[in-house]
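Student: What follows is a structure written as structure tokens; I'll ask about it next.
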Amino acid sequence: QVQLEESGGGLVQAGDSLRLACVVSGRPFSNSALGWFRQAPGKEREFVAAISTWFGGNTDYAESVEGRFTISRDNAENTVYLQMTSLKPEDTAVYYCAATAPVAGGYYYTNAYEYDYWGQGTQVTVSS
């Protein structure tokens, strides 16, 4: 059974940083593309960041987080990270990590429907 477990959320002030982590268990990790999405109250889930398989040579970010957030992966630890800096109140949301079934190398995915496995989410709240 595939499980994704996020951690690292919390309550911070605007301008602060947080690092989210997501551990993937129950399946091989290296050949999965990985992503982070978020959902704010009353809004639809939206793409945040994505990273390609294996060594994560390709990444993509939502325009709203470009330059502030960094996605990375550690295949030895079966973990994907989201480093968030210069946080803003509009970043407040539940953050979800997602993983694909095995895919060809070099690709990342920005649509929620392209992911096969999801975590339960971790709350990030940024106060002004």
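How things are named: the first chain in the structure tokens is A, the next is B, and so on; residues count from 1 in each chain; ligands count from 1 in the order shown.
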So that I can see what lies close to Trp54 of chain A, please list as a list in words the residues with an atom at most 7 Å from it, counting only C-alpha atoms and leaving out residues fewer than 2 positions away in the same chain.

Tutor: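 Skipping anything fewer than 2 positions along the chain leaves Ser30, Asn31, Ser52, Gly56 and Gly105 of chain A.
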
Student: With only C-alpha atoms as the counted atoms, please give the residues lying no more than 8 Å from Phe47 of chain A, apart from itself and same-chain residues fewer than 3 positions off, as a ChimeraX atom specification.

Tutor: /A:35-38,61-62,110-112

Student: Could those residues be written to a file, using C-alpha atoms, as a tab-separated table (two decimals), in the first residue's frame?

Tutor:
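After the write, again.tsv holds the following:
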chain	number	residue	atom	x	y	z
A	35	GLY	CA	4.56	17.37	-6.86
A	36	TRP	CA	3.14	19.75	-4.29
A	37	PHE	CA	-0.33	21.23	-4.48
A	38	ARG	CA	-2.28	23.45	-2.09
A	61	TYR	CA	6.66	26.15	-10.25
A	62	ALA	CA	3.45	28.09	-10.15
A	110	THR	CA	1.51	20.06	-13.16
A	111	ASN	CA	-2.05	18.73	-13.23
A	112	ALA	CA	-3.60	17.02	-10.24

Student: Just checking: using only C-alpha atoms, which residue out of A:Glu6, A:Gln1, A:Val124, A:Ala33 ends up closest to Val103 of chain A?

Tutor: A:Ala33

Student: At what distance in Å, to one decimal, does atom CA of Tyr109 of chain A lie from atom CA of Ile51 of chain A?

Tutor: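 Separation of atom CA of Ile51 of chain A and atom CA of Tyr109 of chain A: 7.7 Å.
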
Student: Do a neighbour search on segment 22-25 of chain A at 8 Å with only C-alpha atoms, toss out local chain neighbours closer than 4 positions, and write the hits as a list in words.

Tutor: Gln1, Val2, Gln3, Leu4, Glu5, Glu6, Ser7, Phe29, Glu77, Asn78, Thr79, Val80, Tyr81, Cys97 and Gly119 of chain A

Student: Do you know which residues are at most 7 Å from Leu82 of chain A counting only C-alpha atoms, after dropping those on the same chain fewer than 3 positions away, and could you put them as a PyMOL selection string?

Tutor: chain A and resi 19-21+69-72

Student: Measure the distance from atom CA of Glu114 of chain A to atom CA of Glu44 of chain A in Å and round it to one decimal.

Tutor: 16.1 Å

Student: Fewer than 6 positions away in the same chain doesn't count, so skip those; otherwise give me all residues within 7 Å of Ala40 of chain A, counting only C-alpha atoms, as a PyMOL selection string.

Tutor: chain A and resi 92-94

Student: Could you save the residues just selected, with C-alpha atoms, as a CSV table (one decimal), in the first residue's frame?

Tutor:
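See out30.csv below for the written result:
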chain,number,residue,atom,x,y,z
A,92,THR,CA,-2.0,30.0,3.6
A,93,ALA,CA,-3.5,26.7,2.6
A,94,VAL,CA,-3.4,22.9,3.2

Student: Determine the nearest neighbour of Tyr117 of chain A from the options A:Asn75, A:Thr100, A:Ser17, A:Gln83, counting only C-alpha atoms.

Tutor: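 Counting only C-alpha atoms, the residue closest to Tyr117 of chain A is A:Thr100.
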